[in-house]
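Below is the file target00.cif, which contains mmCIF, C-alpha atoms.
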data_work
#
loop_
_atom_site.label_atom_id
_atom_site.label_comp_id
_atom_site.auth_asym_id
_atom_site.auth_seq_id
_atom_site.Cartn_x
_atom_site.Cartn_y
_atom_site.Cartn_z
CA MET O 157 122.83 106.21 104.65
CA SER O 158 120.77 103.72 102.64
CA LEU O 159 120.03 100.27 103.96
CA LYS O 160 122.80 97.99 102.74
CA HIS O 161 120.67 94.88 102.35
CA ILE O 162 117.54 96.30 100.65
CA LEU O 163 117.81 96.35 96.84
CA GLY O 164 114.43 97.70 95.73
CA LEU O 165 110.92 96.38 95.22
CA ASP O 166 110.87 92.62 94.68
CA HIS O 167 107.18 91.80 94.39
CA VAL O 168 103.70 92.81 95.50
CA VAL O 169 101.26 90.51 97.28
CA VAL O 170 97.67 90.54 96.06
CA THR O 171 95.65 88.75 98.75
CA VAL O 172 92.51 87.03 97.48
CA ARG O 173 89.67 84.98 98.92
CA ASP O 174 89.43 82.45 96.08
CA LEU O 175 92.96 81.70 94.89
CA ASP O 176 92.12 79.59 91.83
CA ALA O 177 89.42 82.00 90.64
CA ALA O 178 91.88 84.90 90.97
CA ALA O 179 94.44 83.05 88.86
CA GLU O 180 91.84 82.58 86.11
CA GLN O 181 90.87 86.25 86.33
CA TRP O 182 94.47 87.42 85.85
CA ARG O 183 95.01 84.94 83.00
CA GLY O 184 91.99 86.59 81.39
CA LEU O 185 93.85 89.91 81.58
CA GLY O 186 96.64 88.54 79.39
CA PHE O 187 99.11 87.39 82.04
CA THR O 188 100.96 84.09 82.06
CA VAL O 189 100.30 82.66 85.53
CA SER O 190 102.52 80.05 87.17
CA PRO O 191 101.24 76.69 88.41
CA ARG O 192 99.81 76.84 91.92
CA GLY O 193 102.31 76.69 94.78
CA THR O 194 101.82 75.66 98.40
CA HIS O 195 103.93 77.28 101.10
CA SER O 196 105.41 75.62 104.14
CA PRO O 197 102.88 74.58 106.84
CA ILE O 198 103.98 77.39 109.17
CA LEU O 199 102.62 79.92 106.66
CA GLY O 200 99.45 78.04 105.66
CA THR O 201 99.16 79.86 102.34
CA GLY O 202 99.21 79.06 98.63
CA ASN O 203 100.08 81.23 95.66
CA TYR O 204 100.33 81.85 91.96
CA THR O 205 103.01 84.16 90.55
CA ILE O 206 103.11 86.50 87.56
CA MET O 207 106.78 86.92 86.68
CA PHE O 208 108.53 89.85 84.99
CA GLY O 209 112.22 90.60 84.44
CA ASP O 210 113.30 91.52 87.97
CA ASP O 211 110.03 91.62 89.91
CA TYR O 212 106.61 90.00 90.01
CA VAL O 213 103.03 89.89 91.28
CA GLU O 214 102.05 87.22 93.79
CA LEU O 215 98.44 86.12 94.14
CA LEU O 216 98.11 84.77 97.68
CA GLY O 217 95.35 82.85 99.43
CA ILE O 218 94.83 81.18 102.81
CA LEU O 219 94.82 77.37 102.75
CA THR O 220 95.07 76.66 106.49
CA GLU O 221 94.71 79.08 109.38
CA THR O 222 98.00 79.60 111.25
CA GLU O 223 99.38 82.21 113.62
CA GLN O 224 101.64 83.46 110.82
CA ASN O 225 98.75 84.27 108.48
CA LYS O 226 96.50 85.92 111.07
CA PRO O 227 97.21 89.46 109.74
CA THR O 228 96.30 88.31 106.23
CA ARG O 229 93.05 86.77 107.45
CA GLU O 230 92.21 90.03 109.20
CA TYR O 231 92.88 91.89 105.95
CA LEU O 232 90.66 89.53 103.96
CA ALA O 233 87.83 90.00 106.42
CA LYS O 234 87.64 93.57 105.11
CA ARG O 235 88.72 93.35 101.46
CA GLU O 236 90.81 91.71 98.78
CA GLY O 237 93.69 93.66 97.28
CA LEU O 238 97.31 94.64 97.40
CA GLU O 239 98.08 93.81 101.01
CA ARG O 240 101.89 93.83 101.13
CA ALA O 241 105.00 94.90 99.27
CA ALA O 242 108.23 92.90 99.39
CA PHE O 243 111.74 94.28 98.93
CA THR O 244 114.63 92.23 97.61
CA THR O 245 117.28 91.53 100.24
CA ASP O 246 120.64 89.90 99.57
CA ASP O 247 120.92 88.68 103.18
CA ALA O 248 117.81 88.35 105.34
CA ALA O 249 119.74 87.74 108.55
CA ALA O 250 121.95 90.79 108.04
CA GLY O 251 118.94 92.85 106.97
CA THR O 252 117.11 91.91 110.16
CA GLU O 253 120.04 93.01 112.27
CA GLU O 254 120.37 96.23 110.31
CA LEU O 255 116.75 97.14 111.06
CA LYS O 256 117.19 96.28 114.73
CA SER O 257 120.26 98.53 114.90
CA ARG O 258 118.02 101.39 113.73
CA GLY O 259 115.46 100.76 116.44
CA PHE O 260 112.89 98.69 114.52
CA ALA O 261 111.71 95.43 116.08
CA ALA O 262 112.26 93.40 112.91
CA LEU O 263 110.68 89.95 112.76
CA GLY O 264 112.77 87.16 111.28
CA PRO O 265 114.50 85.83 109.44
CA ILE O 266 112.00 83.10 108.61
CA HIS O 267 112.89 80.30 106.19
CA PHE O 268 110.26 78.63 104.03
CA GLY O 269 109.79 77.00 100.65
CA ARG O 270 107.28 75.62 98.19
CA PRO O 271 107.37 72.94 95.50
CA VAL O 272 107.58 74.14 91.88
CA GLU O 273 106.32 72.43 88.75
CA LEU O 274 109.02 72.80 86.11
CA PRO O 275 108.31 73.29 82.39
CA GLY O 276 108.44 70.02 80.51
CA GLY O 277 107.74 67.99 83.63
CA GLY O 278 109.52 67.36 86.88
CA ALA O 279 109.53 69.34 90.09
CA GLY O 280 111.87 71.62 91.99
CA GLU O 281 111.67 73.75 95.09
CA ALA O 282 111.63 77.50 95.62
CA ARG O 283 113.26 78.53 98.90
CA PHE O 284 113.30 81.89 100.64
CA ASN O 285 114.45 83.73 103.75
CA VAL O 286 112.27 86.67 104.76
CA PHE O 287 112.04 89.31 107.45
CA ARG O 288 109.44 91.96 108.06
CA TRP O 289 109.07 95.34 109.61
CA PRO O 290 106.76 95.49 112.68
CA LEU O 291 103.08 95.27 111.76
CA GLU O 292 102.41 98.76 113.08
CA GLU O 293 104.98 100.18 110.63
CA ASN O 294 102.55 100.21 107.70
CA PRO O 295 102.75 103.48 105.73
CA GLY O 296 99.40 104.22 104.15
CA SER O 297 98.14 100.88 105.59
CA LEU O 298 100.65 98.96 103.44
CA ARG O 299 102.60 96.21 105.18
CA ILE O 300 106.19 95.68 104.06
CA PHE O 301 108.74 92.88 104.29
CA ALA O 302 111.94 91.72 102.59
CA CYS O 303 112.61 88.52 100.68
CA GLN O 304 115.90 86.74 99.95
CA HIS O 305 115.62 84.35 97.02
CA LEU O 306 117.74 81.25 97.52
CA THR O 307 116.64 79.51 94.31
CA ARG O 308 116.03 82.14 91.63
CA ASP O 309 116.06 79.55 88.84
CA THR O 310 112.87 77.97 90.19
CA VAL O 311 111.08 81.33 90.46
CA TRP O 312 112.22 83.31 87.40
CA ILE O 313 111.39 80.62 84.83
CA PRO O 314 111.70 82.07 81.28
CA GLU O 315 108.46 80.51 80.05
CA LEU O 316 106.54 82.36 82.77
CA GLN O 317 107.93 85.78 81.83
CA ARG O 318 106.18 86.07 78.46
CA HIS O 319 102.74 87.69 78.62
CA ALA O 320 100.10 88.29 75.94
CA ASN O 321 99.63 91.84 77.28
CA GLY O 322 103.36 92.59 76.88
CA ALA O 323 103.87 93.23 80.62
CA SER O 324 107.57 93.41 81.49
CA ARG O 325 108.06 95.06 84.89
CA LEU O 326 106.44 96.91 87.76
CA VAL O 327 106.60 100.69 87.37
CA ARG O 328 104.75 102.06 90.37
CA LEU O 329 102.69 101.02 93.36
CA GLU O 330 100.12 103.68 94.28
CA VAL O 331 98.70 104.21 97.76
CA LEU O 332 95.58 106.18 98.66
CA THR O 333 95.83 107.91 102.03
CA PRO O 334 94.40 111.04 103.70
CA ASP O 335 97.91 112.42 104.33
CA PRO O 336 100.19 111.48 101.39
CA LYS O 337 103.16 113.47 102.65
CA ALA O 338 103.15 111.83 106.08
CA ALA O 339 102.73 108.31 104.63
CA ALA O 340 105.54 108.87 102.12
CA GLN O 341 107.85 110.19 104.81
CA HIS O 342 106.97 107.18 106.96
CA LEU O 343 108.01 104.75 104.21
CA ALA O 344 111.10 106.85 103.51
CA ARG O 345 112.20 106.39 107.13
CA LEU O 346 111.56 102.64 107.02
CA ILE O 347 113.64 101.97 103.90
CA ASP O 348 116.00 104.94 104.06
CA GLU O 349 115.07 106.43 100.69
CA PRO O 350 114.08 110.07 100.00
CA ALA O 351 110.47 111.24 99.74
CA ARG O 352 109.68 114.04 97.31
CA PRO O 353 106.62 115.80 95.87
CA GLU O 354 105.55 114.32 92.54
CA GLY O 355 102.65 115.88 90.66
CA ASP O 356 99.53 115.38 92.77
CA GLY O 357 101.25 113.15 95.32
CA TRP O 358 104.46 112.15 97.08
CA LEU O 359 106.92 109.65 95.62
CA VAL O 360 109.41 107.32 97.32
CA PRO O 361 111.83 105.27 95.17
CA SER O 362 112.23 101.67 96.28
CA GLY O 363 115.91 101.50 95.34
CA GLY O 364 118.00 100.95 92.20
CA LYS O 365 115.93 100.77 89.03
CA ARG O 366 113.01 99.07 90.72
CA ALA O 367 109.44 100.39 90.95
CA ASP O 368 108.49 103.53 92.87
CA PHE O 369 105.83 104.15 95.51
CA LEU O 370 103.40 107.01 94.97
CA PHE O 371 101.11 108.29 97.73
CA TYR O 372 98.08 110.49 96.97
CA ASP O 373 94.73 111.48 98.42
CA ALA O 374 91.23 110.84 97.05
CA ALA O 375 91.38 113.90 94.80
CA GLY O 376 94.70 112.75 93.35
CA PHE O 377 93.30 109.27 92.73
CA ALA O 378 90.30 110.75 90.93
CA ARG O 379 92.51 112.93 88.74
CA ARG O 380 94.59 109.94 87.65
CA TYR O 381 91.84 107.47 86.83
CA PRO O 382 88.32 107.71 85.34
CA ASP O 383 85.34 106.81 87.53
CA ALA O 384 84.85 103.49 85.73
CA VAL O 385 88.45 102.46 86.47
CA ARG O 386 88.19 103.33 90.17
CA ASP O 387 85.09 101.16 90.51
CA GLY O 388 85.70 98.54 93.21
CA ALA O 389 88.76 100.23 94.75
CA ALA O 390 89.14 100.64 98.50
CA ASN O 391 88.88 104.00 100.24
CA GLU O 392 92.40 103.70 101.64
CA GLY O 393 95.56 101.66 101.17
CA ALA O 394 97.33 100.35 98.08
CA VAL O 395 94.81 100.88 95.29
CA ALA O 396 96.71 100.84 91.98
CA LEU O 397 99.56 99.02 90.30
CA VAL O 398 101.24 100.41 87.18
CA VAL O 399 102.92 97.89 84.88
CA ALA O 400 105.17 98.55 81.88
CA THR O 401 104.21 96.90 78.61
CA SER O 402 106.34 96.46 75.52
CA ASP O 403 103.18 96.14 73.41
CA LEU O 404 100.40 98.59 74.27
CA ALA O 405 98.33 97.43 71.29
CA GLY O 406 98.75 93.85 72.48
CA ALA O 407 97.66 94.88 75.95
CA LYS O 408 94.58 96.54 74.50
CA THR O 409 93.72 93.36 72.59
CA ALA O 410 94.34 91.13 75.61
CA LEU O 411 92.20 93.28 77.90
CA GLY O 412 89.36 93.71 75.43
CA ALA O 413 86.30 95.42 76.89
CA ARG O 414 87.89 95.39 80.34
CA GLY O 415 90.50 97.95 79.27
CA THR O 416 89.88 101.71 79.45
CA ALA O 417 92.23 103.96 77.49
CA HIS O 418 93.18 107.26 79.16
CA ASP O 419 96.19 109.58 79.27
CA GLY O 420 98.37 107.29 77.13
CA ALA O 421 97.67 104.26 79.31
CA ILE O 422 95.19 101.39 79.39
CA SER O 423 93.69 100.56 82.77
CA VAL O 424 91.52 97.82 84.22
CA ALA O 425 88.90 98.58 86.86
CA ALA O 426 89.65 97.49 90.41
CA SER O 427 86.47 95.40 90.33
CA ALA O 428 88.06 93.23 87.59
CA ALA O 429 91.46 92.77 89.32
CA ASN O 430 90.75 91.79 92.94
CA GLY O 431 90.39 95.34 94.20
CA ILE O 432 93.37 96.87 92.36
CA VAL O 433 93.37 99.39 89.54
CA LEU O 434 95.76 97.80 87.06
CA SER O 435 97.30 100.26 84.61
CA PHE O 436 99.55 99.51 81.63
CA LEU O 437 102.05 102.09 80.35
CA PRO O 438 104.21 101.72 77.23
CA GLN O 439 107.89 101.20 77.98
#

Same coordinates, now as structure tokens:
Amino acid sequence: MSLKHILGLDHVVVTVRDLDAAAEQWRGLGFTVSPRGTHSPILGTGNYTIMFGDDYVELLGILTETEQNKPTREYLAKREGLERAAFTTDDAAAGTEELKSRGFAALGPIHFGRPVELPGGGAGEARFNVFRWPLEENPGSLRIFACQHLTRDTVWIPELQRHANGASRLVRLEVLTPDPKAAAQHLARLIDEPARPEGDGWLVPSGGKRADFLFYDAAGFARRYPDAVRDGAANEGAVALVVATSDLAGAKTALGARGTAHDGAISVAASAANGIVLSFLPQ
């Protein structure tokens, strides 16, 4: 029986050491990046978002050390990159209780917000309720949590959803791990979705029409991406993000020399995207 309050992948969290520099780097890859946001003091973090139709990328940095962001600081001590994946929940409180009823020590719900600069001037607020799976439940070293959006109109702003590279949605989050089958089955248990073999790896759908998770080993990673694209990637964990584009030629123009064409896609080396291989596929 699927989890009633998990609706698929909501966004991915790219944790970076220099938040403003990261925002400029992703703008240079043809993305429209939101104004900088500052989270509630309990979190001690700031962010920029890259919005698509139903999902998004969040660039996250530490502004003030707090107990809540200790795991993120520990992650940054080792690397930048795709630290966490968030699922959409329609009810964070009910989702927390649902996990607890299945034996997971869910943490939350936690309420927080951040101010939002609105197009044309003025300000609003984005508010959220979140809960997370226990830290030790991290398939393939990927932490997961769930996010309930209380103010979608201040997050999914139309002007922020148009990108020079044509990006329109997340297709797949790819995780490098020594045992892809075990990691996929671990995630499958956590979100109650099936794991199945897929080419050179193991795939777990996130729910609905949202992006999938693909787990593979080092050989699978090497078969999917040229050496130059894998430059700067970690040896384990979430290493690649596949994004749909409605304009592959536009993506090629936006990426310029940073884009490498291969197998019908255009990819950016991990060294040019905060430790993540970023790959664009035509819709």

* Asked: Which one is closest to O:Val311: O:Ala396, O:Ile266, O:Ala282, O:Val213? Count all atoms listed in the file.
  ->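 So, comparing all the options, the nearest one is O:Ala282.
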
Leaving out O:Ala323 and any residue of its chain fewer than 4 positions from it, which residues lie within 8 Å of it when counting all atoms listed in the file, given as an mmCIF file with C-alpha atoms, in the coordinates of the input?
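What landed in part20.cif:
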data_model
loop_
_atom_site.group_PDB
_atom_site.id
_atom_site.type_symbol
_atom_site.label_atom_id
_atom_site.label_comp_id
_atom_site.auth_asym_id
_atom_site.auth_seq_id
_atom_site.Cartn_x
_atom_site.Cartn_y
_atom_site.Cartn_z
ATOM 1 C CA PHE O 187 99.110 87.390 82.040
ATOM 2 C CA PHE O 208 108.530 89.850 84.990
ATOM 3 C CA ARG O 318 106.180 86.070 78.460
ATOM 4 C CA HIS O 319 102.740 87.690 78.620
ATOM 5 C CA VAL O 399 102.920 97.890 84.880
ATOM 6 C CA ALA O 400 105.170 98.550 81.880
ATOM 7 C CA THR O 401 104.210 96.900 78.610
ATOM 8 C CA SER O 402 106.340 96.460 75.520
ATOM 9 C CA ASP O 403 103.180 96.140 73.410
ATOM 10 C CA ALA O 407 97.660 94.880 75.950
ATOM 11 C CA PHE O 436 99.550 99.510 81.630
#

* Asked: Rounded to one decimal in Å, what is the spacing between atom CA of O:Ile218 and atom CA of O:Leu326?
  ->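 Separation of atom CA of O:Ile218 and atom CA of O:Leu326: 24.7 Å.
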
* **Residues selected by the PyMOL selection byres ((chain O and resi 397) around 8), written as a ChimeraX atom specification** => /O:326-330,395-396,398-399,432-435

Evaluate the PyMOL selection byres ((chain O and resi 236-238) around 7) on the structure here and hand back the selected residues as a compact mmCIF listing (two decimals) with C-alpha atoms, in the frame of the given file.
# COMPACT_ATOMS: atom_id res chain seq x y z
CA VAL O 168 103.70 92.81 95.50
CA VAL O 169 101.26 90.51 97.28
CA VAL O 170 97.67 90.54 96.06
CA THR O 171 95.65 88.75 98.75
CA VAL O 172 92.51 87.03 97.48
CA ARG O 173 89.67 84.98 98.92
CA LEU O 232 90.66 89.53 103.96
CA ARG O 235 88.72 93.35 101.46
CA GLU O 239 98.08 93.81 101.01
CA ARG O 240 101.89 93.83 101.13
CA ALA O 394 97.33 100.35 98.08
CA ASN O 430 90.75 91.79 92.94
CA GLY O 431 90.39 95.34 94.20
CA ILE O 432 93.37 96.87 92.36

Expected selection from the PyMOL selection byres ((chain O and resi 292) around 12), given as a CSV table (one decimal) with C-alpha atoms, in the coordinates of the input:
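For reference, out-v3.csv as written:
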chain,number,residue,atom,x,y,z
O,227,PRO,CA,97.2,89.5,109.7
O,260,PHE,CA,112.9,98.7,114.5
O,261,ALA,CA,111.7,95.4,116.1
O,262,ALA,CA,112.3,93.4,112.9
O,288,ARG,CA,109.4,92.0,108.1
O,289,TRP,CA,109.1,95.3,109.6
O,290,PRO,CA,106.8,95.5,112.7
O,291,LEU,CA,103.1,95.3,111.8
O,293,GLU,CA,105.0,100.2,110.6
O,294,ASN,CA,102.6,100.2,107.7
O,295,PRO,CA,102.8,103.5,105.7
O,296,GLY,CA,99.4,104.2,104.2
O,297,SER,CA,98.1,100.9,105.6
O,298,LEU,CA,100.6,99.0,103.4
O,299,ARG,CA,102.6,96.2,105.2
O,300,ILE,CA,106.2,95.7,104.1
O,342,HIS,CA,107.0,107.2,107.0
O,346,LEU,CA,111.6,102.6,107.0

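With only C-alpha atoms as the basis for measurement, O:Leu185 is the residue among O:Leu185, O:Ala389, O:Leu370, O:Leu437 that approaches O:Leu411 most closely.
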
* In Å, with one decimal, what is the gap from atom CA of O:Leu199 to atom CA of O:Glu223? ->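 Interatomic distance here is 8.0 Å.
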
* To do: Rank nothing, just name the residue among O:Asp419, O:Asp368, O:Asp356, O:Glu230 nearest to O:Ala344, using only C-alpha atoms.
  =>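 Of the candidates, the smallest distance to O:Ala344 is held by O:Asp368.
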